[in-house]
$ cat final-v4.cif   # mmCIF, C-alpha atoms
data_run
#
loop_
_atom_site.label_atom_id
_atom_site.label_comp_id
_atom_site.auth_asym_id
_atom_site.auth_seq_id
_atom_site.Cartn_x
_atom_site.Cartn_y
_atom_site.Cartn_z
CA MET A 1 0.00 0.00 0.00
CA LYS A 2 1.07 3.59 -0.67
CA ASN A 3 1.82 6.14 2.01
CA MET A 4 -0.85 8.82 2.29
CA VAL A 5 -1.02 12.14 4.11
CA CYS A 6 -4.40 13.39 5.38
CA LEU A 7 -4.30 17.16 5.74
CA ALA A 8 -8.01 17.96 5.96
CA GLU A 9 -11.41 16.54 5.08
CA GLY A 10 -11.32 15.73 1.36
CA CYS A 11 -7.61 16.59 1.19
CA THR A 12 -5.78 13.25 1.20
CA MET A 13 -2.86 12.58 -1.13
CA PRO A 14 0.22 10.38 -1.67
CA THR A 15 3.51 11.37 -0.08
CA ASN A 16 5.72 10.15 -2.92
CA GLN A 17 7.68 13.15 -4.14
CA SER A 18 7.96 11.73 -7.66
CA GLU A 19 4.15 11.57 -7.88
CA THR A 20 3.33 14.96 -6.39
CA GLY A 21 6.20 16.95 -7.93
CA ILE A 22 6.71 18.95 -4.72
CA ASN A 23 8.86 18.45 -1.65
CA GLU A 24 7.34 16.74 1.37
CA ASN A 25 8.38 19.29 3.98
CA ARG A 26 5.24 20.36 5.84
CA LEU A 27 4.47 23.20 8.21
CA ILE A 28 1.46 22.66 10.49
CA VAL A 29 0.51 25.85 12.33
CA GLY A 30 -2.23 26.17 14.92
CA THR A 31 -2.82 27.28 18.47
CA THR A 32 -2.68 24.92 21.45
CA ARG A 33 -5.39 22.23 21.46
CA CYS A 34 -6.44 22.84 17.85
CA GLY A 35 -5.90 19.16 17.02
CA LYS A 36 -2.55 19.18 15.25
CA THR A 37 -1.48 15.81 16.66
CA PHE A 38 -4.80 14.01 16.43
CA SER A 39 -5.86 15.22 12.99
CA ILE A 40 -2.46 15.40 11.24
CA VAL A 41 0.15 13.25 12.99
CA GLU A 42 -1.99 10.24 13.91
CA PRO A 43 -3.45 9.83 10.38
CA MET A 44 0.10 10.12 9.03
CA LEU A 45 1.16 7.24 11.26
CA LEU A 46 -1.91 5.22 10.29
CA HIS A 47 -1.18 5.58 6.58
CA THR A 48 2.58 4.97 6.55
CA TYR A 49 3.60 1.61 5.06
CA GLU A 50 6.97 2.35 3.47
CA GLY A 51 10.00 4.46 4.32
CA SER A 52 11.27 5.34 7.78
CA LEU A 53 9.86 7.68 10.41
CA VAL A 54 11.32 9.66 13.28
CA VAL A 55 8.43 10.71 15.50
CA ASN A 56 8.84 13.21 18.31
CA ILE A 57 6.17 12.53 20.94
CA THR A 58 5.34 14.03 24.32
CA LYS A 59 2.58 11.54 25.17
CA ARG A 60 3.64 7.92 25.69
CA ALA A 61 0.14 6.78 24.73
CA LEU A 62 1.09 7.38 21.09
CA PHE A 63 3.95 4.88 21.36
CA ASP A 64 1.71 2.30 23.02
CA LYS A 65 -0.94 2.80 20.35
CA TYR A 66 1.19 2.76 17.21
CA ALA A 67 4.26 0.63 17.97
CA PRO A 68 2.30 -2.64 17.43
CA ILE A 69 0.96 -1.35 14.09
CA PHE A 70 4.46 -0.69 12.76
CA GLU A 71 5.76 -4.01 14.03
CA ALA A 72 2.95 -5.73 12.11
CA ARG A 73 4.03 -3.82 8.98
CA GLY A 74 7.58 -5.15 9.21
CA TYR A 75 9.18 -2.13 10.83
CA GLU A 76 11.92 -2.13 13.41
CA VAL A 77 10.47 -0.05 16.25
CA LEU A 78 12.95 1.95 18.35
CA ASP A 79 12.24 3.78 21.58
CA LEU A 80 14.51 6.69 22.58
CA ASN A 81 13.19 8.32 25.74
CA PHE A 82 14.68 11.66 26.80
CA ALA A 83 11.79 12.42 29.16
CA GLU A 84 12.44 9.30 31.27
CA PRO A 85 15.94 8.24 30.18
CA GLU A 86 16.02 5.33 32.61
CA LYS A 87 13.20 3.76 30.56
CA SER A 88 14.82 4.30 27.17
CA LYS A 89 15.35 1.08 25.20
CA ILE A 90 18.25 2.45 23.17
CA SER A 91 21.13 4.82 23.80
CA TYR A 92 22.25 8.05 22.21
CA ASP A 93 25.70 9.43 23.03
CA PRO A 94 26.77 12.39 20.84
CA LEU A 95 30.43 11.34 20.98
CA ASN A 96 29.65 8.05 19.24
CA TYR A 97 28.81 9.90 16.00
CA LEU A 98 31.71 12.32 15.65
CA LYS A 99 34.05 11.35 12.82
CA LYS A 100 35.71 14.42 11.34
CA ASP A 101 37.27 17.46 12.97
CA ARG A 102 34.44 19.63 11.70
CA ASP A 103 32.00 17.41 13.61
CA PHE A 104 33.81 18.22 16.86
CA ILE A 105 33.82 21.93 16.00
CA ASN A 106 30.10 21.86 15.21
CA ILE A 107 29.12 20.10 18.43
CA GLY A 108 31.33 22.39 20.49
CA ARG A 109 29.54 25.38 19.02
CA ALA A 110 26.13 23.74 19.33
CA ILE A 111 26.63 23.06 23.03
CA CYS A 112 27.70 26.65 23.68
CA GLU A 113 25.21 28.43 21.40
CA VAL A 114 22.84 28.75 24.35
CA ILE A 115 25.08 31.46 25.81
CA ASN A 116 23.16 34.72 25.55
CA ASN A 117 25.85 37.25 24.76
CA ASP A 118 24.63 39.10 21.70
CA SER A 119 26.89 42.08 22.35
CA ASP A 120 30.15 40.15 22.14
CA PRO A 121 30.43 36.75 20.42
CA PHE A 122 33.96 36.36 21.82
CA TRP A 123 32.72 34.54 24.92
CA MET A 124 30.65 32.01 23.03
CA GLU A 125 33.50 31.33 20.60
CA SER A 126 36.02 30.95 23.43
CA ALA A 127 33.74 28.57 25.35
CA ALA A 128 33.14 26.61 22.13
CA ASN A 129 36.90 26.33 21.53
CA CYS A 130 37.43 25.03 25.06
CA THR A 131 34.58 22.51 24.72
CA THR A 132 35.82 21.35 21.31
CA ALA A 133 39.34 20.90 22.66
CA MET A 134 38.15 18.70 25.55
CA LEU A 135 35.82 16.65 23.34
CA LYS A 136 38.64 15.98 20.88
CA LEU A 137 41.03 15.11 23.71
CA VAL A 138 38.54 12.49 24.95
CA ASP A 139 38.37 11.10 21.42
CA LEU A 140 42.16 10.90 21.09
CA ASN A 141 42.54 9.26 24.50
CA SER A 142 39.87 6.71 23.59
CA LYS A 143 41.67 5.99 20.33
CA SER A 144 44.88 5.33 22.26
CA GLU A 145 42.98 2.95 24.57
CA ASN A 146 41.15 1.31 21.65
CA LYS A 147 37.66 2.07 22.97
CA ALA A 148 34.69 4.21 21.97
CA PRO A 149 34.63 7.76 23.38
CA SER A 150 31.76 8.64 25.68
CA PHE A 151 30.11 11.69 27.19
CA SER A 152 30.85 10.19 30.61
CA ASP A 153 34.57 10.49 29.81
CA PHE A 154 33.99 14.11 28.82
CA LYS A 155 32.18 14.73 32.11
CA LEU A 156 35.08 13.22 34.06
CA LEU A 157 37.59 15.39 32.22
CA PHE A 158 35.53 18.55 32.70
CA SER A 159 34.79 17.81 36.36
CA ASN A 160 38.49 17.48 37.16
CA ILE A 161 39.72 20.60 35.39
CA GLU A 162 41.54 23.05 37.67
CA PHE A 163 42.66 26.53 36.64
CA ASP A 164 45.54 28.36 38.27
CA TYR A 165 44.49 31.97 37.83
CA SER A 166 47.76 33.31 39.21
CA LYS A 167 49.49 32.27 35.98
CA MET A 168 48.76 32.59 32.30
CA SER A 169 45.84 30.11 32.10
CA SER A 170 47.74 27.26 33.72
CA THR A 171 45.57 24.14 34.18
CA ASN A 172 46.08 20.55 35.25
CA LEU A 173 44.98 19.52 31.72
CA ASN A 174 47.89 21.15 29.91
CA VAL A 175 50.04 18.06 30.35
CA PHE A 176 47.39 15.88 28.68
CA PHE A 177 47.10 18.22 25.70
CA ASP A 178 50.91 18.28 25.42
CA GLU A 179 50.97 14.48 25.36
CA ALA A 180 48.21 14.39 22.74
CA GLU A 181 50.25 16.80 20.61
CA ARG A 182 53.27 14.52 20.91
CA LEU A 183 51.27 11.47 19.76
CA TYR A 184 49.10 13.28 17.18
CA PRO A 185 50.99 16.38 15.97
CA ASN A 186 48.93 19.48 15.24
CA ASN A 187 45.67 17.79 16.24
CA LEU A 188 42.42 19.73 16.70
CA ALA A 189 42.46 19.43 20.51
CA TRP A 190 45.86 21.08 20.64
CA GLN A 191 44.88 23.82 18.18
CA LYS A 192 41.75 24.79 20.11
CA TRP A 193 43.38 24.53 23.54
CA LYS A 194 46.17 26.91 22.48
CA THR A 195 43.57 29.69 22.24
CA ILE A 196 42.67 29.06 25.90
CA ARG A 197 46.11 28.59 27.45
CA THR A 198 47.40 31.84 25.96
CA ALA A 199 44.51 33.89 27.34
CA ALA A 200 44.82 36.22 30.31
CA PRO A 201 43.87 34.70 33.68
CA LYS A 202 40.74 36.89 34.07
CA THR A 203 39.59 35.88 30.60
CA THR A 204 40.07 32.21 31.41
CA ALA A 205 38.15 32.63 34.67
CA SER A 206 35.20 34.07 32.73
CA ILE A 207 35.31 31.25 30.18
CA SER A 208 35.42 28.70 32.99
CA SER A 209 32.36 30.27 34.61
CA ILE A 210 30.46 30.18 31.32
CA LEU A 211 31.37 26.53 30.74
CA ASN A 212 30.20 25.54 34.20
CA ALA A 213 26.83 27.20 33.65
CA THR A 214 26.45 25.66 30.19
CA LEU A 215 27.78 22.13 30.56
CA ASN A 216 26.28 21.21 33.92
CA ASP A 217 22.90 20.80 32.19
CA PHE A 218 24.34 17.91 30.19
CA PHE A 219 25.53 15.93 33.17
CA ASP A 220 22.24 14.57 34.47
CA ASN A 221 23.01 11.08 35.80
CA ASP A 222 19.92 9.50 34.23
CA LEU A 223 20.90 10.89 30.83
CA LEU A 224 24.48 9.66 31.24
CA ASN A 225 23.21 6.19 32.17
CA MET A 226 20.98 6.19 29.08
CA MET A 227 24.01 7.01 26.92
CA SER A 228 25.79 3.89 28.19
CA LYS A 229 23.07 1.38 27.21
CA ASP A 230 24.25 -1.43 24.95
CA TYR A 231 21.80 -0.87 22.07
CA LYS A 232 23.34 2.02 20.14
CA LEU A 233 21.21 4.02 17.73
CA SER A 234 22.27 3.63 14.08
CA PHE A 235 21.33 6.60 11.91
CA GLU A 236 22.28 4.66 8.77
CA ASN A 237 19.63 2.04 9.51
CA LEU A 238 16.98 4.76 9.36
CA GLY A 239 17.93 5.45 5.77
CA SER A 240 18.39 1.86 4.66
CA LYS A 241 15.59 -0.24 6.19
CA LYS A 242 12.05 0.31 7.41
CA THR A 243 12.43 1.81 10.86
CA VAL A 244 10.27 3.96 13.12
CA LEU A 245 12.08 5.80 15.87
CA PHE A 246 9.89 7.28 18.61
CA VAL A 247 11.68 10.11 20.41
CA THR A 248 9.97 11.01 23.68
CA THR A 249 10.58 14.50 25.06
CA SER A 250 9.01 16.37 27.96
CA PRO A 251 7.10 19.63 27.38
CA PHE A 252 7.78 20.62 31.00
CA ASN A 253 11.22 19.31 31.98
CA ARG A 254 13.84 21.31 30.07
CA SER A 255 16.87 19.50 31.51
CA SER A 256 17.36 17.39 28.38
CA GLU A 257 16.38 19.88 25.67
CA LYS A 258 20.00 20.69 24.73
CA LEU A 259 20.78 17.02 24.29
CA VAL A 260 17.60 16.58 22.23
CA ASN A 261 18.67 19.33 19.87
CA LEU A 262 22.13 17.80 19.56
CA PHE A 263 20.33 14.58 18.63
CA TYR A 264 18.47 16.28 15.77
CA ASN A 265 21.67 17.95 14.62
CA ASP A 266 23.35 14.51 14.56
CA LEU A 267 20.33 12.96 12.85
CA PHE A 268 20.40 15.37 9.91
CA ARG A 269 24.20 15.34 9.60
CA ASN A 270 24.51 11.56 9.66
CA LEU A 271 21.65 11.07 7.19
CA PHE A 272 23.32 13.59 4.86
CA ASP A 273 26.70 11.87 5.15
CA PHE A 274 25.17 8.44 4.54
CA ALA A 275 23.26 9.72 1.50
CA GLU A 276 26.48 11.17 0.07
CA ARG A 277 28.06 7.70 0.23
CA CYS A 278 25.13 6.03 -1.55
CA PRO A 279 25.22 5.46 -5.35
CA ASN A 280 22.68 8.16 -6.27
CA LYS A 281 23.73 10.52 -3.48
CA GLU A 282 20.37 9.90 -1.78
CA LEU A 283 19.04 7.63 0.95
CA PRO A 284 17.96 4.13 -0.15
CA ILE A 285 14.58 4.74 1.49
CA PRO A 286 12.97 8.07 2.43
CA VAL A 287 12.97 9.33 6.02
CA ASN A 288 10.17 11.54 7.32
CA ILE A 289 10.82 13.39 10.59
CA ILE A 290 7.77 14.55 12.55
CA CYS A 291 8.62 17.30 15.05
CA ASP A 292 5.95 18.16 17.60
CA ASP A 293 6.36 21.58 19.29
CA PHE A 294 9.18 22.31 16.84
CA ALA A 295 9.94 25.83 18.06
CA VAL A 296 9.92 24.92 21.76
CA GLY A 297 13.27 24.23 23.38
CA SER A 298 16.72 24.89 21.96
CA LYS A 299 17.53 25.92 18.43
CA ILE A 300 18.66 23.11 16.11
CA PRO A 301 22.04 24.21 14.73
CA ASN A 302 22.16 24.91 10.96
CA PHE A 303 18.54 23.83 10.46
CA ALA A 304 17.61 26.75 8.18
CA GLU A 305 20.48 25.79 5.86
CA ASP A 306 19.91 22.04 6.08
CA ILE A 307 16.21 22.07 5.19
CA SER A 308 17.00 23.46 1.74
CA ILE A 309 18.71 20.19 0.74
CA PHE A 310 16.40 17.70 2.48
CA CYS A 311 14.51 16.99 -0.72
CA ALA A 312 17.63 15.96 -2.66
CA LYS A 313 18.55 13.40 0.03
CA ARG A 314 15.01 11.93 0.39
CA ILE A 315 14.54 13.53 3.79
CA ALA A 316 11.33 15.30 4.76
CA VAL A 317 10.28 17.11 7.91
CA THR A 318 6.81 17.81 9.29
CA MET A 319 6.91 20.64 11.83
CA LEU A 320 4.12 21.46 14.27
CA LEU A 321 4.08 25.08 15.48
CA GLN A 322 1.73 27.35 17.38
CA SER A 323 2.51 30.40 15.22
CA GLU A 324 4.99 31.90 12.78
CA SER A 325 6.12 34.35 15.46
CA GLN A 326 7.03 31.38 17.67
CA LEU A 327 9.34 30.14 14.91
CA GLU A 328 10.84 33.59 14.48
CA GLY A 329 11.40 33.83 18.23
CA MET A 330 13.55 30.68 18.19
CA TYR A 331 15.33 31.39 14.91
CA SER A 332 16.07 34.77 13.34
CA LYS A 333 13.53 36.45 11.06
CA ALA A 334 15.54 35.48 7.98
CA GLU A 335 16.01 31.88 9.17
CA ALA A 336 12.32 31.52 10.01
CA GLN A 337 11.38 32.72 6.53
CA THR A 338 13.87 30.31 4.97
CA ILE A 339 12.31 27.41 6.88
CA ILE A 340 8.79 28.43 5.80
CA ASN A 341 9.87 28.92 2.18
CA ASN A 342 11.26 25.37 2.05
CA CYS A 343 7.93 23.80 3.02
CA ASP A 344 5.79 23.11 -0.06
CA THR A 345 2.84 22.28 2.20
CA TYR A 346 1.46 24.69 4.81
CA VAL A 347 -1.57 23.77 6.92
CA TYR A 348 -3.13 26.52 9.05
CA MET A 349 -5.47 25.38 11.82
CA GLY A 350 -6.32 28.68 13.48
CA GLY A 351 -5.01 30.95 16.19
CA MET A 352 -4.87 34.53 17.43
CA ASP A 353 -1.28 35.40 16.56
CA ASP A 354 -1.31 38.72 14.70
CA MET A 355 1.76 38.01 12.59
CA THR A 356 0.51 34.59 11.46
CA CYS A 357 -3.03 35.81 10.68
CA HIS A 358 -1.70 38.62 8.47
CA SER A 359 0.64 36.15 6.74
CA ILE A 360 -2.21 33.74 5.95
CA SER A 361 -4.43 36.63 4.84
CA ARG A 362 -1.85 37.66 2.24
CA ARG A 363 -1.25 34.09 1.12
CA ILE A 364 -4.88 33.25 0.39
CA ASN A 365 -6.07 36.79 -0.47
CA LYS A 366 -8.76 36.91 2.21
CA PRO A 367 -9.57 39.68 4.72
CA VAL A 368 -7.47 39.33 7.86
CA GLU A 369 -10.58 39.28 10.07
CA ASP A 370 -11.68 36.10 8.27
CA ILE A 371 -8.44 34.50 9.42
CA PHE A 372 -8.65 35.81 12.97
CA TYR A 373 -12.19 34.52 13.45
CA MET A 374 -12.23 31.38 11.31
CA PRO A 375 -14.43 28.58 12.70
CA LEU A 376 -12.78 26.20 15.17
CA GLU A 377 -12.93 23.14 12.91
CA GLN A 378 -11.79 24.98 9.78
CA VAL A 379 -8.42 24.25 8.13
CA ILE A 380 -6.58 26.06 5.35
CA VAL A 381 -4.32 23.85 3.22
CA MET A 382 -1.76 25.50 0.94
CA ARG A 383 0.42 23.43 -1.39
CA ARG A 384 2.80 24.75 -4.00
CA GLY A 385 1.29 24.53 -7.46
CA SER A 386 -2.33 24.43 -6.21
CA LYS A 387 -4.89 26.93 -5.02
CA PRO A 388 -5.58 26.98 -1.27
CA VAL A 389 -8.16 24.53 0.04
CA ILE A 390 -10.46 25.61 2.87
CA SER A 391 -12.00 22.62 4.54
CA LYS A 392 -12.68 21.00 7.91
CA ARG A 393 -10.23 19.12 10.10
CA TYR A 394 -9.57 15.56 9.02
CA GLN A 395 -12.01 13.31 10.89
CA THR A 396 -9.59 10.82 12.36
CA LEU A 397 -12.36 9.08 14.29
CA GLU A 398 -14.05 8.21 10.98
CA ASP A 399 -10.89 6.81 9.37
CA PRO A 400 -11.43 3.06 8.72
CA LEU A 401 -7.90 2.29 9.92
CA TYR A 402 -8.47 4.22 13.13
CA LYS A 403 -11.74 2.45 13.73
CA LYS A 404 -9.96 -0.88 13.24
CA LEU A 405 -7.27 0.21 15.68
CA CYS A 406 -9.90 1.12 18.30
CA MET A 407 -11.65 -2.21 17.82
CA LYS A 408 -8.39 -4.06 18.47
CA ALA A 409 -7.72 -1.93 21.54
CA GLY A 410 -11.20 -2.65 22.83
CA ALA A 411 -10.75 -6.36 22.29
#
$ encode --input "final-v4.cif" --output "structure tokens"
Amino acid sequence: MKNMVCLAEGCTMPTNQSETGINENRLIVGTTRCGKTFSIVEPMLLHTYEGSLVVNITKRALFDKYAPIFEARGYEVLDLNFAEPEKSKISYDPLNYLKKDRDFINIGRAICEVINNDSDPFWMESAANCTTAMLKLVDLNSKSENKAPSFSDFKLLFSNIEFDYSKMSSTNLNVFFDEAERLYPNNLAWQKWKTIRTAAPKTTASISSILNATLNDFFDNDLLNMMSKDYKLSFENLGSKKTVLFVTTSPFNRSSEKLVNLFYNDLFRNLFDFAERCPNKELPIPVNIICDDFAVGSKIPNFAEDISIFCAKRIAVTMLLQSESQLEGMYSKAEAQTIINNCDTYVYMGGMDDMTCHSISRRINKPVEDIFYMPLEQVIVMRRGSKPVISKRYQTLEDPLYKKLCMKAGA
């Protein structure tokens, strides 16, 4: 059977890019409790038979409901739980997926991008250099010991760092970086650490303070234990065999949000790299990523640039937002517009956000008050190459597959 996407009543279509002629990136915008998950995401899960899925969920009931369906369809079902890491069935450790020097540089920056210092980027860059240096040192030490690097090793290194502020950035780690330079001349760890050890003591003290505030969020013991589980997540499997990965996050507990965003950064990067190694420079099977509450939490590094090449690699993303202004609040105005422009499907499900209502009014050439006060069940579907469709929410309860699912649950 073919995959189908149900966007509204009377608006159901295949998801195969070669059939539709448009990319499968989708933006679903609507206020809280407008039915984005029940009328868009659940029908998408019901009607997926081929390709892989990465599904961000905040309600475990969705996993319990749909995992058996995908198992019956021949999928490998994976459960990555950031909300309750002790219950996660698989592990995700960022250090397991770093291969090239640029990967270490990117993750160092991604970890430190949360520093709010718009007036002077020096502090963020310095903290990123220090983080990159320590991450690469862990990698080099693991290579010498013939084992896989881990975030626990990084925590141990960071926890034991001691600065002597009476001297020019003297630390107890200098000897380890010197040894790494002897074994691996001109390595990345040495290059980045040089920028720290030549800094003035007061500068180093400030960088150390920033690092403590930033990195301590990553060292939750439950998350570290989850990273050490035996079943390691393989991003390549997502692009090569039918797999559904449920990623559980918490809408209330923000302790893991930075790690979650590193996960998505790794997901996109590893899928890209795998696609580049494939014969046609694309994934063997398509991967659709469904992101609930997309603009809540930390910013995904490089996302505005990455989304522009998703289509060529057979990657698609479905983003659920409350408003366009929410997206612009997380990303810059230019980045938010780039993300919107790269979605050939836009579904508006209502709301009171002034910016979004004016945007929809211009797009469909209707008075803005019609958008502000549209009926609760009304949906506006816009797809590139077609005129807008104004309809009602997709009636998931009437879907034959959903009825069958409910009958099984009742039995």
$ closest_residue --input "final-v4.cif" --among "A:Pro149, A:Pro121, A:Pro14, A:Pro388" --to "Ser228 (chain A)" --atoms "all atoms listed in the file"
A:Pro149
$ atom_distance --input "final-v4.cif" --atom1 "CA of Asn342 (chain A)" --atom2 "CA of Glu377 (chain A)"
26.6 Å
$ closest_residue --input "final-v4.cif" --among "A:Gly350, A:Pro94, A:Pro284, A:Pro68" --to "Lys241 (chain A)" --atoms "all atoms listed in the file"
A:Pro284
$ resolve_selection --input "final-v4.cif" --expression "the PyMOL selection byres ((chain A and resi 34-38) around 9)" --output "VMD selection string"
chain A and resid 28 to 33 39 to 43 292 320 to 321 349 to 351 376 to 377 393 to 394 396
$ closest_residue --input "final-v4.cif" --among "A:Ala200, A:Leu156, A:Val379, A:Ile207" --to "Phe219 (chain A)" --atoms "all atoms listed in the file"
A:Leu156
$ resolve_selection --input "final-v4.cif" --expression "the PyMOL selection byres ((chain A and resi 256) around 12)" --output "ChimeraX atom specification"
/A:81-85,215-224,226,248-255,257-263,297-298
$ residues_around --input "final-v4.cif" --residues "region 175-184 of chain A" --least-positions-apart "2" --cutoff "8 Å" --atoms "only C-alpha atoms" --output "MDAnalysis selection string"
chainID A and resid 137 140:141 172:173 186:187 189:190 193
$ write_last_selection --input "final-v4.cif" --atoms "C-alpha atoms" --output "tab-separated table (two decimals), keeping the file's coordinate frame"
chain	number	residue	atom	x	y	z
A	137	LEU	CA	41.03	15.11	23.71
A	140	LEU	CA	42.16	10.90	21.09
A	141	ASN	CA	42.54	9.26	24.50
A	172	ASN	CA	46.08	20.55	35.25
A	173	LEU	CA	44.98	19.52	31.72
A	186	ASN	CA	48.93	19.48	15.24
A	187	ASN	CA	45.67	17.79	16.24
A	189	ALA	CA	42.46	19.43	20.51
A	190	TRP	CA	45.86	21.08	20.64
A	193	TRP	CA	43.38	24.53	23.54
$ decode --input "final-v4.cif" --residues "region 347-364 of chain A" --atoms "N, CA and C atoms" --output "mmCIF file, in the first residue's frame"
data_model
loop_
_atom_site.group_PDB
_atom_site.id
_atom_site.type_symbol
_atom_site.label_atom_id
_atom_site.label_comp_id
_atom_site.auth_asym_id
_atom_site.auth_seq_id
_atom_site.Cartn_x
_atom_site.Cartn_y
_atom_site.Cartn_z
ATOM 1 N N VAL A 347 -0.212 23.973 6.415
ATOM 2 C CA VAL A 347 -1.573 23.772 6.918
ATOM 3 C C VAL A 347 -1.789 24.708 8.095
ATOM 4 N N TYR A 348 -2.807 25.579 7.969
ATOM 5 C CA TYR A 348 -3.126 26.518 9.052
ATOM 6 C C TYR A 348 -4.406 26.070 9.732
ATOM 7 N N MET A 349 -4.347 25.931 11.066
ATOM 8 C CA MET A 349 -5.474 25.381 11.816
ATOM 9 C C MET A 349 -6.061 26.376 12.812
ATOM 10 N N GLY A 350 -5.708 27.646 12.651
ATOM 11 C CA GLY A 350 -6.322 28.679 13.476
ATOM 12 C C GLY A 350 -5.448 29.157 14.610
ATOM 13 N N GLY A 351 -5.763 30.363 15.089
ATOM 14 C CA GLY A 351 -5.013 30.954 16.189
ATOM 15 C C GLY A 351 -5.241 32.451 16.234
ATOM 16 N N MET A 352 -4.664 33.098 17.240
ATOM 17 C CA MET A 352 -4.865 34.530 17.434
ATOM 18 C C MET A 352 -3.563 35.316 17.303
ATOM 19 N N ASP A 353 -2.544 34.704 16.730
ATOM 20 C CA ASP A 353 -1.280 35.404 16.555
ATOM 21 C C ASP A 353 -1.385 36.394 15.401
ATOM 22 N N ASP A 354 -1.122 37.654 15.692
ATOM 23 C CA ASP A 354 -1.310 38.720 14.704
ATOM 24 C C ASP A 354 -0.425 38.510 13.474
ATOM 25 N N MET A 355 0.828 38.194 13.695
ATOM 26 C CA MET A 355 1.762 38.011 12.590
ATOM 27 C C MET A 355 1.318 36.878 11.671
ATOM 28 N N THR A 356 0.918 35.751 12.260
ATOM 29 C CA THR A 356 0.507 34.595 11.461
ATOM 30 C C THR A 356 -0.769 34.889 10.692
ATOM 31 N N CYS A 357 -1.755 35.519 11.343
ATOM 32 C CA CYS A 357 -3.031 35.812 10.681
ATOM 33 C C CYS A 357 -2.829 36.730 9.472
ATOM 34 N N HIS A 358 -1.981 37.738 9.611
ATOM 35 C CA HIS A 358 -1.704 38.615 8.468
ATOM 36 C C HIS A 358 -0.969 37.861 7.364
ATOM 37 N N SER A 359 -0.081 36.955 7.731
ATOM 38 C CA SER A 359 0.639 36.153 6.742
ATOM 39 C C SER A 359 -0.329 35.279 5.947
ATOM 40 N N ILE A 360 -1.236 34.606 6.634
ATOM 41 C CA ILE A 360 -2.208 33.742 5.951
ATOM 42 C C ILE A 360 -3.149 34.576 5.097
ATOM 43 N N SER A 361 -3.553 35.743 5.604
ATOM 44 C CA SER A 361 -4.433 36.634 4.845
ATOM 45 C C SER A 361 -3.818 37.000 3.494
ATOM 46 N N ARG A 362 -2.529 37.321 3.496
ATOM 47 C CA ARG A 362 -1.853 37.656 2.237
ATOM 48 C C ARG A 362 -1.740 36.446 1.330
ATOM 49 N N ARG A 363 -1.464 35.293 1.925
ATOM 50 C CA ARG A 363 -1.249 34.088 1.123
ATOM 51 C C ARG A 363 -2.503 33.648 0.382
ATOM 52 N N ILE A 364 -3.663 33.755 1.023
ATOM 53 C CA ILE A 364 -4.882 33.247 0.386
ATOM 54 C C ILE A 364 -5.796 34.375 -0.107
#
